[in-house]
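Next comes final.txt, a file with compact mmCIF, C-alpha atoms and all ligand atoms.
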```txt
# COMPACT_ATOMS: atom_id res chain seq x y z
CA MET A 1 -31.99 -4.90 16.77
CA LEU A 2 -28.75 -3.31 15.76
CA SER A 3 -28.14 -3.32 12.03
CA ALA A 4 -25.27 -2.10 9.93
CA ARG A 5 -25.81 0.73 7.44
CA LYS A 6 -27.54 -0.38 4.25
CA ALA A 7 -24.43 0.35 2.19
CA VAL A 8 -22.41 -1.94 4.45
CA GLN A 9 -25.02 -4.70 4.34
CA ALA A 10 -24.91 -4.61 0.56
CA LEU A 11 -21.11 -5.01 0.47
CA PRO A 12 -19.58 -8.38 -0.35
CA THR A 13 -16.86 -9.50 2.09
CA TYR A 14 -13.45 -9.09 0.49
CA HIS A 15 -11.15 -12.04 1.15
CA PRO A 16 -7.71 -11.69 -0.38
CA PRO A 17 -6.57 -15.32 -0.85
CA LEU A 18 -3.81 -15.08 1.76
CA ALA A 19 -4.43 -18.36 3.58
CA SER A 20 -1.57 -20.91 3.61
CA ARG A 21 0.61 -18.84 1.33
CA THR A 22 3.73 -20.92 1.43
CA GLY A 23 6.05 -20.97 -1.54
CA LEU A 24 7.52 -18.46 -3.95
CA ARG A 25 5.17 -15.46 -3.71
CA MET A 26 4.45 -14.53 -7.32
CA ASP A 27 0.79 -13.85 -6.53
CA PHE A 28 0.49 -10.43 -4.82
CA ASN A 29 2.93 -8.14 -6.69
CA GLU A 30 4.98 -7.79 -3.55
CA ASN A 31 8.72 -7.38 -3.43
CA THR A 32 9.89 -11.01 -3.56
CA LEU A 33 13.36 -10.45 -2.10
CA GLY A 34 12.49 -9.01 1.32
CA CYS A 35 13.07 -5.41 2.36
CA SER A 36 16.45 -3.66 2.50
CA SER A 37 18.74 -5.08 5.22
CA ARG A 38 19.31 -1.51 6.45
CA VAL A 39 15.56 -1.28 7.11
CA ALA A 40 15.55 -4.66 8.88
CA GLU A 41 18.43 -3.49 11.13
CA LYS A 42 16.54 -0.32 11.96
CA LEU A 43 13.57 -2.41 12.97
CA HIS A 44 15.73 -4.40 15.40
CA GLU A 45 17.01 -1.19 16.95
CA ILE A 46 13.58 0.15 17.92
CA SER A 47 13.62 0.71 21.66
CA ARG A 48 11.04 -0.55 24.14
CA ASP A 49 10.37 3.05 25.00
CA ALA A 50 9.68 3.98 21.38
CA LEU A 51 7.08 1.20 21.22
CA ALA A 52 5.49 2.45 24.44
CA CYS A 53 4.79 5.86 22.86
CA TYR A 54 1.98 6.84 20.52
CA PRO A 55 3.57 7.31 17.10
CA GLU A 56 4.19 10.87 15.99
CA ARG A 57 3.83 11.05 12.24
CA GLY A 58 4.86 14.66 11.55
CA THR A 59 8.64 14.49 11.26
CA VAL A 60 8.73 11.47 8.97
CA GLU A 61 5.77 12.83 7.00
CA ALA A 62 7.76 16.01 6.26
CA GLN A 63 10.76 13.90 5.17
CA VAL A 64 8.64 11.79 2.83
CA ALA A 65 6.97 14.94 1.43
CA ALA A 66 10.39 16.48 0.76
CA PHE A 67 11.51 13.24 -0.92
CA LEU A 68 8.50 13.57 -3.24
CA GLY A 69 9.29 17.23 -3.90
CA ARG A 70 6.21 18.40 -1.99
CA ASN A 71 5.57 20.60 1.03
CA ALA A 72 4.67 18.91 4.31
CA ASP A 73 1.08 20.18 4.10
CA GLU A 74 0.63 18.51 0.69
CA ALA A 75 1.34 14.93 1.83
CA LEU A 76 -0.23 12.58 4.35
CA LEU A 77 1.34 9.32 5.44
CA THR A 78 -1.24 6.56 5.30
CA ASN A 79 -1.64 2.95 6.38
CA GLY A 80 -0.88 1.85 2.84
CA VAL A 81 -2.55 3.22 -0.28
CA ASP A 82 -5.62 1.30 0.87
CA GLU A 83 -6.14 3.82 3.64
CA GLY A 84 -5.51 6.72 1.23
CA ILE A 85 -8.39 5.46 -0.94
CA HIS A 86 -10.60 5.03 2.12
CA LEU A 87 -9.84 8.57 3.31
CA LEU A 88 -10.68 10.10 -0.07
CA CYS A 89 -14.01 8.27 -0.09
CA GLU A 90 -14.80 9.45 3.44
CA THR A 91 -13.79 13.02 2.64
CA TYR A 92 -15.64 13.54 -0.62
CA LEU A 93 -18.48 11.04 -1.12
CA GLU A 94 -22.09 11.52 -0.15
CA PRO A 95 -24.60 8.70 -0.71
CA ALA A 96 -25.74 8.73 -4.36
CA ASP A 97 -22.58 10.48 -5.55
CA GLU A 98 -20.85 8.78 -8.45
CA VAL A 99 -17.41 7.22 -8.54
CA LEU A 100 -15.78 6.46 -11.88
CA ILE A 101 -13.44 3.52 -12.29
CA VAL A 102 -12.16 1.76 -15.39
CA VAL A 103 -12.37 -2.02 -15.18
CA PRO A 104 -10.54 -4.27 -14.70
CA THR A 105 -8.72 -2.50 -11.89
CA PHE A 106 -7.71 -2.68 -8.22
CA ALA A 107 -10.67 -3.94 -6.15
CA MET A 108 -10.47 -1.51 -3.23
CA TYR A 109 -11.72 1.55 -5.15
CA GLU A 110 -15.13 -0.03 -5.54
CA ILE A 111 -15.22 -1.45 -2.03
CA TYR A 112 -14.39 1.79 -0.20
CA ALA A 113 -16.64 3.82 -2.51
CA ARG A 114 -19.62 1.53 -1.98
CA MET A 115 -19.21 1.69 1.79
CA THR A 116 -20.22 5.34 1.66
CA GLY A 117 -23.39 4.57 -0.31
CA ALA A 118 -21.95 6.12 -3.48
CA ARG A 119 -22.72 4.62 -6.87
CA VAL A 120 -19.81 3.06 -8.72
CA ILE A 121 -19.79 3.59 -12.48
CA SER A 122 -17.50 1.02 -14.10
CA VAL A 123 -16.26 2.01 -17.53
CA PRO A 124 -14.98 -1.03 -19.44
CA SER A 125 -11.50 -0.79 -20.89
CA GLY A 126 -11.06 -1.25 -24.62
CA LYS A 127 -9.42 -3.95 -26.71
CA ASP A 128 -6.25 -5.21 -25.08
CA PHE A 129 -7.19 -3.17 -22.01
CA ALA A 130 -6.61 0.11 -23.82
CA PHE A 131 -7.64 3.00 -21.59
CA PRO A 132 -11.09 4.19 -22.81
CA GLU A 133 -10.36 7.92 -22.80
CA ASN A 134 -13.51 9.03 -24.63
CA ALA A 135 -15.82 6.77 -22.62
CA VAL A 136 -14.39 8.07 -19.34
CA MET A 137 -14.85 11.69 -20.44
CA ALA A 138 -18.42 10.85 -21.53
CA ALA A 139 -19.20 9.20 -18.17
CA ILE A 140 -18.52 12.37 -16.14
CA THR A 141 -21.68 13.92 -14.66
CA GLU A 142 -22.27 16.64 -12.08
CA ARG A 143 -22.55 13.85 -9.49
CA THR A 144 -19.07 12.49 -10.26
CA ARG A 145 -17.08 13.11 -7.10
CA LEU A 146 -14.21 10.64 -7.37
CA ILE A 147 -12.34 9.17 -10.31
CA ALA A 148 -9.86 6.47 -9.28
CA ILE A 149 -7.22 5.31 -11.74
CA ALA A 150 -4.27 3.04 -11.11
CA ASN A 151 -1.32 4.00 -13.31
CA PRO A 152 0.18 1.49 -14.05
CA ASN A 153 -3.02 -0.50 -13.65
CA ASN A 154 -3.47 -3.73 -11.68
CA PRO A 155 -4.07 -6.51 -12.87
CA THR A 156 -3.14 -5.52 -16.44
CA GLY A 157 0.12 -3.55 -16.09
CA THR A 158 -1.15 -1.09 -18.71
CA VAL A 159 -0.82 2.69 -18.41
CA VAL A 160 -2.72 5.90 -19.15
CA ALA A 161 -1.10 8.95 -20.75
CA SER A 162 -0.27 11.69 -18.23
CA ASP A 163 -1.64 14.43 -20.49
CA PHE A 164 -5.00 12.63 -20.61
CA LEU A 165 -5.10 12.49 -16.79
CA LEU A 166 -4.45 16.21 -16.62
CA ARG A 167 -7.25 16.88 -19.11
CA LEU A 168 -9.52 14.60 -17.08
CA ALA A 169 -8.83 16.50 -13.85
CA LYS A 170 -9.72 19.74 -15.61
CA ALA A 171 -12.85 18.26 -17.18
CA ALA A 172 -14.22 17.19 -13.77
CA PRO A 173 -13.33 19.99 -11.31
CA GLN A 174 -16.11 18.82 -8.96
CA ALA A 175 -14.42 15.41 -8.58
CA ALA A 176 -11.27 14.23 -6.83
CA LEU A 177 -9.00 12.52 -9.35
CA LEU A 178 -6.93 9.85 -7.62
CA VAL A 179 -3.94 8.68 -9.63
CA ASP A 180 -2.74 5.58 -7.80
CA GLU A 181 0.97 5.26 -8.50
CA ALA A 182 1.53 2.11 -6.39
CA TYR A 183 3.75 0.72 -9.19
CA PHE A 184 5.51 4.02 -9.97
CA ASP A 185 9.00 2.65 -9.27
CA PHE A 186 8.67 0.12 -12.12
CA TYR A 187 7.28 2.74 -14.52
CA GLY A 188 8.87 6.12 -13.86
CA GLU A 189 6.16 8.53 -14.99
CA THR A 190 4.34 10.55 -12.37
CA LEU A 191 1.91 13.41 -11.84
CA MET A 192 3.50 14.29 -8.48
CA PRO A 193 4.89 17.60 -9.85
CA GLN A 194 1.37 18.73 -10.83
CA ILE A 195 0.02 18.45 -7.27
CA GLY A 196 -1.14 21.84 -6.05
CA GLU A 197 -1.34 23.32 -9.53
CA ILE A 198 -4.40 21.15 -10.21
CA THR A 199 -6.41 21.39 -7.02
CA ASN A 200 -8.54 18.25 -7.48
CA LEU A 201 -5.59 15.96 -8.26
CA PHE A 202 -4.34 13.39 -5.71
CA VAL A 203 -1.40 11.05 -6.18
CA ALA A 204 -0.88 7.94 -4.02
CA ARG A 205 2.39 6.03 -3.55
CA THR A 206 3.21 2.97 -1.49
CA PHE A 207 6.15 1.37 0.30
CA SER A 208 4.50 -2.05 -0.19
CA LYS A 209 5.85 -2.88 -3.64
CA ALA A 210 9.37 -1.84 -4.70
CA TYR A 211 10.46 -1.07 -1.12
CA GLY A 212 9.33 -4.46 0.18
CA LEU A 213 7.38 -3.17 3.19
CA ALA A 214 3.84 -4.48 2.54
CA GLY A 215 3.76 -5.93 6.07
CA LEU A 216 4.60 -2.62 7.73
CA ARG A 217 1.72 -0.81 5.98
CA ALA A 218 2.93 2.56 4.76
CA GLY A 219 1.88 4.74 1.88
CA VAL A 220 1.48 8.40 1.12
CA LEU A 221 -1.31 10.49 -0.32
CA ALA A 222 -0.41 13.83 -1.89
CA GLY A 223 -2.80 16.60 -2.88
CA GLU A 224 -3.29 20.35 -2.86
CA SER A 225 -2.82 21.69 0.69
CA SER A 226 -6.35 22.98 1.38
CA GLN A 227 -7.81 19.67 0.16
CA MET A 228 -5.31 17.70 2.24
CA LYS A 229 -6.40 19.71 5.28
CA MET A 230 -9.86 18.15 4.85
CA VAL A 231 -8.48 14.65 4.24
CA ARG A 232 -6.35 14.94 7.41
CA ARG A 233 -9.50 15.56 9.47
CA VAL A 234 -10.74 12.11 8.48
CA SER A 235 -7.51 10.25 9.23
CA SER A 236 -6.69 8.70 12.58
CA PRO A 237 -3.82 10.57 14.28
CA TYR A 238 -1.97 7.25 14.78
CA ASN A 239 -2.70 5.63 11.41
CA VAL A 240 0.97 4.80 10.73
CA ASN A 241 2.63 2.75 13.44
CA ALA A 242 5.92 3.47 15.23
CA ALA A 243 7.81 0.63 13.53
CA ALA A 244 6.86 1.91 10.08
CA LEU A 245 7.78 5.48 11.02
CA ALA A 246 11.17 4.35 12.30
CA CYS A 247 11.88 2.45 9.10
CA LEU A 248 10.71 4.86 6.39
CA PRO A 249 13.69 7.27 6.49
CA GLU A 250 16.05 4.30 6.19
CA ALA A 251 13.99 2.87 3.32
CA LEU A 252 14.22 6.21 1.48
CA ALA A 253 17.94 6.47 2.17
CA ASP A 254 18.84 3.02 0.82
CA THR A 255 18.60 3.98 -2.83
CA GLU A 256 21.16 1.34 -3.79
CA TYR A 257 18.80 -1.42 -2.65
CA LEU A 258 15.81 0.12 -4.43
CA VAL A 259 17.58 0.75 -7.73
CA ARG A 260 18.95 -2.80 -7.82
CA TYR A 261 15.68 -4.47 -6.97
CA VAL A 262 13.68 -2.41 -9.45
CA ALA A 263 16.18 -3.10 -12.25
CA GLU A 264 16.03 -6.82 -11.51
CA ALA A 265 12.22 -6.90 -11.42
CA ILE A 266 12.01 -4.98 -14.71
CA ALA A 267 14.47 -7.40 -16.35
CA SER A 268 12.39 -10.33 -15.02
CA ARG A 269 9.22 -8.73 -16.39
CA GLY A 270 10.84 -8.69 -19.84
CA ARG A 271 11.85 -12.35 -19.49
CA LEU A 272 8.28 -13.31 -18.54
CA GLU A 273 6.88 -11.42 -21.53
CA ARG A 274 9.33 -13.07 -23.92
CA PHE A 275 8.48 -16.46 -22.44
CA PHE A 276 4.75 -15.95 -23.07
CA LYS A 277 5.46 -14.71 -26.57
CA LYS A 278 7.65 -17.72 -27.35
CA ASN A 279 4.93 -20.06 -26.08
CA ASP A 280 2.29 -18.27 -28.11
CA LEU A 281 0.24 -17.17 -25.11
CA ALA A 282 -1.65 -13.87 -25.12
CA TYR A 283 -0.16 -11.40 -22.60
CA TRP A 284 -0.21 -7.65 -22.09
CA PRO A 285 3.03 -5.67 -22.07
CA SER A 286 3.37 -4.43 -18.50
CA ARG A 287 4.90 -1.35 -16.89
CA ALA A 288 4.51 -2.78 -13.36
CA ASN A 289 6.18 -5.69 -11.51
CA PHE A 290 3.88 -8.37 -12.91
CA VAL A 291 2.54 -9.72 -16.18
CA LEU A 292 -0.99 -10.85 -16.98
CA ALA A 293 -1.36 -13.71 -19.46
CA ARG A 294 -4.28 -15.69 -20.85
CA PHE A 295 -4.17 -19.44 -20.21
CA GLY A 296 -7.77 -20.09 -21.25
CA GLU A 297 -9.10 -23.45 -20.13
CA LEU A 298 -5.65 -24.41 -18.78
CA ARG A 299 -5.83 -21.70 -16.13
CA VAL A 300 -6.96 -23.88 -13.20
CA PRO A 301 -4.60 -26.83 -13.85
CA PHE A 302 -1.75 -24.34 -14.49
CA VAL A 303 -2.25 -22.53 -11.15
CA GLU A 304 -2.49 -25.89 -9.35
CA ALA A 305 0.58 -27.40 -11.04
CA MET A 306 2.60 -24.28 -10.16
CA ARG A 307 1.43 -24.52 -6.54
CA GLN A 308 2.63 -28.12 -6.44
CA ARG A 309 6.05 -26.87 -7.53
CA GLY A 310 6.01 -24.31 -4.72
CA ILE A 311 5.12 -21.25 -6.80
CA LEU A 312 2.07 -19.11 -6.08
CA VAL A 313 0.48 -17.23 -8.99
CA ARG A 314 -2.79 -15.30 -9.03
CA ASP A 315 -5.91 -16.43 -10.85
CA ARG A 316 -7.59 -13.27 -12.22
CA ASN A 317 -10.36 -15.08 -14.09
CA GLY A 318 -13.05 -13.19 -12.14
CA ASP A 319 -11.95 -9.70 -13.22
CA TYR A 320 -13.69 -7.90 -16.08
CA GLY A 321 -12.21 -9.00 -19.42
CA CYS A 322 -9.76 -11.39 -17.73
CA GLU A 323 -11.41 -14.75 -18.47
CA GLY A 324 -8.75 -17.46 -18.36
CA CYS A 325 -6.08 -15.02 -17.13
CA VAL A 326 -3.36 -15.47 -14.53
CA ARG A 327 -1.16 -12.68 -13.11
CA ILE A 328 2.44 -13.47 -12.27
CA THR A 329 4.80 -11.24 -10.26
CA ALA A 330 8.23 -10.41 -11.67
CA GLY A 331 10.85 -11.01 -8.95
CA THR A 332 14.61 -11.50 -8.85
CA ALA A 333 16.72 -13.11 -11.61
CA THR A 334 17.20 -16.35 -9.63
CA GLN A 335 13.50 -16.60 -8.84
CA THR A 336 12.72 -16.00 -12.49
CA ASP A 337 15.06 -18.83 -13.54
CA PHE A 338 13.12 -21.17 -11.24
CA LEU A 339 9.77 -19.73 -12.35
CA LEU A 340 10.46 -20.06 -16.08
CA ASN A 341 11.90 -23.58 -15.73
CA SER A 342 8.86 -24.64 -13.74
CA MET A 343 6.48 -23.03 -16.23
CA GLN A 344 8.24 -24.79 -19.08
CA GLU A 345 7.76 -28.13 -17.31
CA VAL A 346 4.12 -27.40 -16.54
CA PHE A 347 3.48 -26.28 -20.12
CA ARG A 348 4.93 -29.56 -21.36
CA GLU A 349 2.79 -31.52 -18.90
CA LEU A 350 -0.37 -29.66 -19.84
CA GLY A 351 0.38 -29.68 -23.53
CA VAL A 352 0.36 -25.89 -23.94
CA GLY A 353 0.66 -25.22 -27.64
CA GLU A 354 -1.05 -28.54 -28.46
CA LEU A 355 -4.45 -27.94 -26.91
CA ARG A 356 -4.96 -24.42 -28.22
N1 LIG B 1 -3.10 0.25 -5.41
C1 LIG B 1 -2.88 -0.71 -6.30
C2 LIG B 1 -3.08 -0.41 -7.75
C3 LIG B 1 -2.48 -1.98 -5.88
O1 LIG B 1 -2.29 -2.96 -6.77
C4 LIG B 1 -2.29 -2.23 -4.49
C5 LIG B 1 -1.84 -3.56 -3.94
N2 LIG B 1 -2.25 -4.68 -4.55
C6 LIG B 1 -2.55 -1.19 -3.61
C7 LIG B 1 -2.94 0.04 -4.09
C8 LIG B 1 -2.44 -1.38 -2.12
O2 LIG B 1 -1.26 -0.86 -1.65
P1 LIG B 1 -0.93 -0.77 -0.12
O3 LIG B 1 -0.24 -2.00 0.28
O4 LIG B 1 -0.06 0.45 -0.05
O5 LIG B 1 -2.22 -0.57 0.62
```
Output the file's structure as structure tokens, nothing else.
Ligand code: PMP
Amino acid sequence: MLSARKAVQALPTYHPPLASRTGLRMDFNENTLGCSSRVAEKLHEISRDALACYPERGTVEAQVAAFLGRNADEALLTNGVDEGIHLLCETYLEPADEVLIVVPTFAMYEIYARMTGARVISVPSGKDFAFPENAVMAAITERTRLIAIANPNNPTGTVVASDFLLRLAKAAPQAALLVDEAYFDFYGETLMPQIGEITNLFVARTFSKAYGLAGLRAGVLAGESSQMKMVRRVSSPYNVNAAALACLPEALADTEYLVRYVAEAIASRGRLERFFKKNDLAYWPSRANFVLARFGELRVPFVEAMRQRGILVRDRNGDYGCEGCVRITAGTATQTDFLLNSMQEVFRELGVGELR
């Protein structure tokens, strides 16, 4: 009888809770406004002929690389950062190799790593999700072949110092260091300029968050050119579809849209943080487009009461160190008015401040 590889059999099925997602989407850290109208127009203009052709990635890939200040052979367009993670795992991991992650973090590092049969070593973050620099350094072995770090991190919004990441890359030359900068636009610090200089460093970016193109599926993985040559061998030649390729140059060109949206989301993030502080709820200062807060035993009724008001928020209770926590996306100013008013009502209903 046909059976899947052992590593695949041992994998849990990952189900992002996407079913019946109607309401204000404060649950997936997406752009909550919708993409730039210039991008939407471009999408409408795509010809029937263009859709009949296999997509040719090269030209747009070179444009995106140039936008990032990299050469074309240092960047690969991917089907979201998810695919970039998958490709790194396929390129570098042998069964029984070790992958270092710091928990809590983005779920896909572990999932793609385990698919290869590699062993995932989860280093717990410190108090208040402080990045455990010494423990990560101490966890490196000669079998460490991938270290995956989201900066800023999801679901916490916390960050790691760039100089530590550079030291880490040098301390583990036998390992690929993936710095996942999915939330770069809300943070501003990057290791993109160090690509090439440090040959085991990879930086991933996405068009899913600030650019509002999660549905199109487009990201980019950058790394030193001879390493990227290997990663390219693993990727499908048509991994990024024609609609995404047509839209990306327009998305990059509409800086006015991006700057405005990012500024609004950052302002909303500050309002959320101040709201939690005022209501005496534990939260973690975030550098991404969301805030994680601890609701304790009120978590389930809070998520449900928000859903009844048409607002989706994400229960993160199952993540390491996140007992009782909910993650809420920071969107536009108007959405934040509605969100904060609704939260205030729900807090009153649930007696937040009285029960704790
Ligand atoms: N990395 C991190 C840290 C994320 O939070 C997410 C999305 N939740 C992704 C990658 C996935 O991005 P993409 O849509 O580009 O696959």
Give one line per residue of chain A that approaches ligand LIG 1 (chain B) to at most 8 Å, naming the two atoms of the closest pair and their distance in Å to one decimal, counting all atoms listed in the file; sort by chain then ascending residue number and deliver it as JSON lines.
```
{"residue": "A:Phe28", "atom": "CA", "partner": "B:LIG1", "partner_atom": "N2", "distance": 6.4}
{"residue": "A:Asn29", "atom": "CA", "partner": "B:LIG1", "partner_atom": "N2", "distance": 6.6}
{"residue": "A:Glu30", "atom": "CA", "partner": "B:LIG1", "partner_atom": "N2", "distance": 7.9}
{"residue": "A:Asn79", "atom": "CA", "partner": "B:LIG1", "partner_atom": "O5", "distance": 6.8}
{"residue": "A:Gly80", "atom": "CA", "partner": "B:LIG1", "partner_atom": "O4", "distance": 3.3}
{"residue": "A:Val81", "atom": "CA", "partner": "B:LIG1", "partner_atom": "O4", "distance": 3.7}
{"residue": "A:Asp82", "atom": "CA", "partner": "B:LIG1", "partner_atom": "O5", "distance": 3.9}
{"residue": "A:Glu83", "atom": "CA", "partner": "B:LIG1", "partner_atom": "O5", "distance": 6.6}
{"residue": "A:Thr105", "atom": "CA", "partner": "B:LIG1", "partner_atom": "C2", "distance": 7.3}
{"residue": "A:Phe106", "atom": "CA", "partner": "B:LIG1", "partner_atom": "C2", "distance": 5.2}
{"residue": "A:Met108", "atom": "CA", "partner": "B:LIG1", "partner_atom": "C7", "distance": 7.7}
{"residue": "A:Ala150", "atom": "CA", "partner": "B:LIG1", "partner_atom": "C2", "distance": 5.0}
{"residue": "A:Asn151", "atom": "CA", "partner": "B:LIG1", "partner_atom": "C2", "distance": 7.3}
{"residue": "A:Pro152", "atom": "CA", "partner": "B:LIG1", "partner_atom": "C2", "distance": 7.3}
{"residue": "A:Asn153", "atom": "CA", "partner": "B:LIG1", "partner_atom": "C2", "distance": 5.9}
{"residue": "A:Asn154", "atom": "CA", "partner": "B:LIG1", "partner_atom": "O1", "distance": 5.1}
{"residue": "A:Pro155", "atom": "CA", "partner": "B:LIG1", "partner_atom": "O1", "distance": 7.3}
{"residue": "A:Asp180", "atom": "CA", "partner": "B:LIG1", "partner_atom": "N1", "distance": 5.9}
{"residue": "A:Glu181", "atom": "CA", "partner": "B:LIG1", "partner_atom": "C2", "distance": 7.0}
{"residue": "A:Ala182", "atom": "CA", "partner": "B:LIG1", "partner_atom": "N1", "distance": 5.1}
{"residue": "A:Tyr183", "atom": "CA", "partner": "B:LIG1", "partner_atom": "C2", "distance": 7.1}
{"residue": "A:Arg205", "atom": "CA", "partner": "B:LIG1", "partner_atom": "O4", "distance": 7.0}
{"residue": "A:Thr206", "atom": "CA", "partner": "B:LIG1", "partner_atom": "O4", "distance": 4.4}
{"residue": "A:Phe207", "atom": "CA", "partner": "B:LIG1", "partner_atom": "O4", "distance": 6.3}
{"residue": "A:Ser208", "atom": "CA", "partner": "B:LIG1", "partner_atom": "O3", "distance": 4.8}
{"residue": "A:Lys209", "atom": "CA", "partner": "B:LIG1", "partner_atom": "O3", "distance": 7.3}
{"residue": "A:Ala214", "atom": "CA", "partner": "B:LIG1", "partner_atom": "O3", "distance": 5.3}
{"residue": "A:Arg217", "atom": "CA", "partner": "B:LIG1", "partner_atom": "O3", "distance": 6.1}
{"residue": "A:Ala218", "atom": "CA", "partner": "B:LIG1", "partner_atom": "O4", "distance": 6.0}
{"residue": "A:Gly219", "atom": "CA", "partner": "B:LIG1", "partner_atom": "O4", "distance": 5.1}
```
Starting from the point (-10.0, -22.1, -22.7), work out which residues of protein, DNA or RNA have an atom no more than 9 Å away when counting only C-alpha atoms; state them as a tab-separated table (two decimals) with C-alpha atoms, in the frame of the given file.
```tsv
chain	number	residue	atom	x	y	z
A	294	ARG	CA	-4.28	-15.69	-20.85
A	295	PHE	CA	-4.17	-19.44	-20.21
A	296	GLY	CA	-7.77	-20.09	-21.25
A	297	GLU	CA	-9.10	-23.45	-20.13
A	298	LEU	CA	-5.65	-24.41	-18.78
A	299	ARG	CA	-5.83	-21.70	-16.13
A	323	GLU	CA	-11.41	-14.75	-18.47
A	324	GLY	CA	-8.75	-17.46	-18.36
A	356	ARG	CA	-4.96	-24.42	-28.22
```
Item to check | Option closest in space to Glu264 of chain A, from A:Thr156, A:Leu87, A:Leu245, A:Phe186 [counting all atoms listed in the file] | outcome: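 Looking only at the distances to Glu264 of chain A, the closest residue turns out to be A:Phe186.
The nearest approach to Gln344 of chain A among the residues A:Ala305, A:Ala175, A:Ile121, A:Val313, with all atoms listed in the file taken into account, belongs to A:Ala305.
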Next on the checklist: List as a PyMOL selection string the protein and nucleic acid residues near Arg145 of chain A, meaning an atom at most 10 Å away when all atoms listed in the file are counted, but skip any in the same chain fewer than 3 places from it.
Outcome noted: chain A and resi 88-89+92-94+97-100+118+140-142+172-177+200
Could you write out the selected residues, including C-alpha atoms, as a compact mmCIF listing (two decimals), in the frame of the given file?
```
# COMPACT_ATOMS: atom_id res chain seq x y z
CA LEU A 88 -10.68 10.10 -0.07
CA CYS A 89 -14.01 8.27 -0.09
CA TYR A 92 -15.64 13.54 -0.62
CA LEU A 93 -18.48 11.04 -1.12
CA GLU A 94 -22.09 11.52 -0.15
CA ASP A 97 -22.58 10.48 -5.55
CA GLU A 98 -20.85 8.78 -8.45
CA VAL A 99 -17.41 7.22 -8.54
CA LEU A 100 -15.78 6.46 -11.88
CA ALA A 118 -21.95 6.12 -3.48
CA ILE A 140 -18.52 12.37 -16.14
CA THR A 141 -21.68 13.92 -14.66
CA GLU A 142 -22.27 16.64 -12.08
CA ALA A 172 -14.22 17.19 -13.77
CA PRO A 173 -13.33 19.99 -11.31
CA GLN A 174 -16.11 18.82 -8.96
CA ALA A 175 -14.42 15.41 -8.58
CA ALA A 176 -11.27 14.23 -6.83
CA LEU A 177 -9.00 12.52 -9.35
CA ASN A 200 -8.54 18.25 -7.48
```
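From atom CA of Pro124 of chain A back to atom CA of Gly321 of chain A, the distance works out to 8.4 Å.
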Next on the checklist: Just to confirm, what's the straight-line distance from atom CA of Ile195 of chain A to atom CA of Pro95 of chain A in Å (one decimal)?
Outcome noted: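 Pair atom CA of Ile195 of chain A / atom CA of Pro95 of chain A returns 27.3 Å.
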Checklist entry - Asp280 of chain A: which residues within 9 Å, counting all atoms listed in the file, same-chain residues fewer than 3 positions away excluded, as a list in words? => result Phe275, Phe276, Lys277, Val352 and Gly353 of chain A
Next on the checklist: Here is a test: counting only C-alpha atoms, which residue of A:Met115, A:Thr91, A:Phe302, A:Leu213 is nearest to Leu248 of chain A?
Outcome noted: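 Residue with the minimum atom-to-atom distance to Leu248 of chain A: A:Leu213.
Going from atom CA of Ala330 of chain A to atom CA of Lys127 of chain A covers 24.1 Å.
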Leu258 of chain A environment, 10 Å, only C-alpha atoms, sequence neighbours closer than 4 positions dropped, as a tab-separated table (two decimals) with C-alpha atoms, in the coordinates of the input:
```
chain	number	residue	atom	x	y	z
A	35	CYS	CA	13.07	-5.41	2.36
A	36	SER	CA	16.45	-3.66	2.50
A	185	ASP	CA	9.00	2.65	-9.27
A	210	ALA	CA	9.37	-1.84	-4.70
A	211	TYR	CA	10.46	-1.07	-1.12
A	212	GLY	CA	9.33	-4.46	0.18
A	251	ALA	CA	13.99	2.87	3.32
A	252	LEU	CA	14.22	6.21	1.48
A	253	ALA	CA	17.94	6.47	2.17
A	254	ASP	CA	18.84	3.02	0.82
A	262	VAL	CA	13.68	-2.41	-9.45
A	263	ALA	CA	16.18	-3.10	-12.25
A	264	GLU	CA	16.03	-6.82	-11.51
```
Atoms are missing here; could segment 48-53 of chain A be completed with N, CA, C and O atoms and written as a short mmCIF file (atom, residue, chain, number, x, y, z; two decimals), in the frame of the given file?
```cif
data_model
loop_
_atom_site.label_atom_id
_atom_site.label_comp_id
_atom_site.auth_asym_id
_atom_site.auth_seq_id
_atom_site.Cartn_x
_atom_site.Cartn_y
_atom_site.Cartn_z
N ARG A 48 12.29 -0.23 23.44
CA ARG A 48 11.04 -0.55 24.14
C ARG A 48 10.26 0.72 24.41
O ARG A 48 9.04 0.76 24.33
N ASP A 49 11.02 1.78 24.72
CA ASP A 49 10.37 3.05 25.00
C ASP A 49 9.64 3.60 23.76
O ASP A 49 8.52 4.08 23.86
N ALA A 50 10.31 3.47 22.61
CA ALA A 50 9.68 3.98 21.38
C ALA A 50 8.36 3.25 21.12
O ALA A 50 7.39 3.85 20.65
N LEU A 51 8.33 1.96 21.44
CA LEU A 51 7.08 1.20 21.22
C LEU A 51 6.02 1.54 22.26
O LEU A 51 4.83 1.32 22.03
N ALA A 52 6.45 2.08 23.39
CA ALA A 52 5.49 2.45 24.44
C ALA A 52 4.79 3.77 24.12
O ALA A 52 3.79 4.10 24.74
N CYS A 53 5.35 4.53 23.17
CA CYS A 53 4.79 5.86 22.86
C CYS A 53 3.82 5.81 21.70
O CYS A 53 4.02 5.02 20.75
#
```
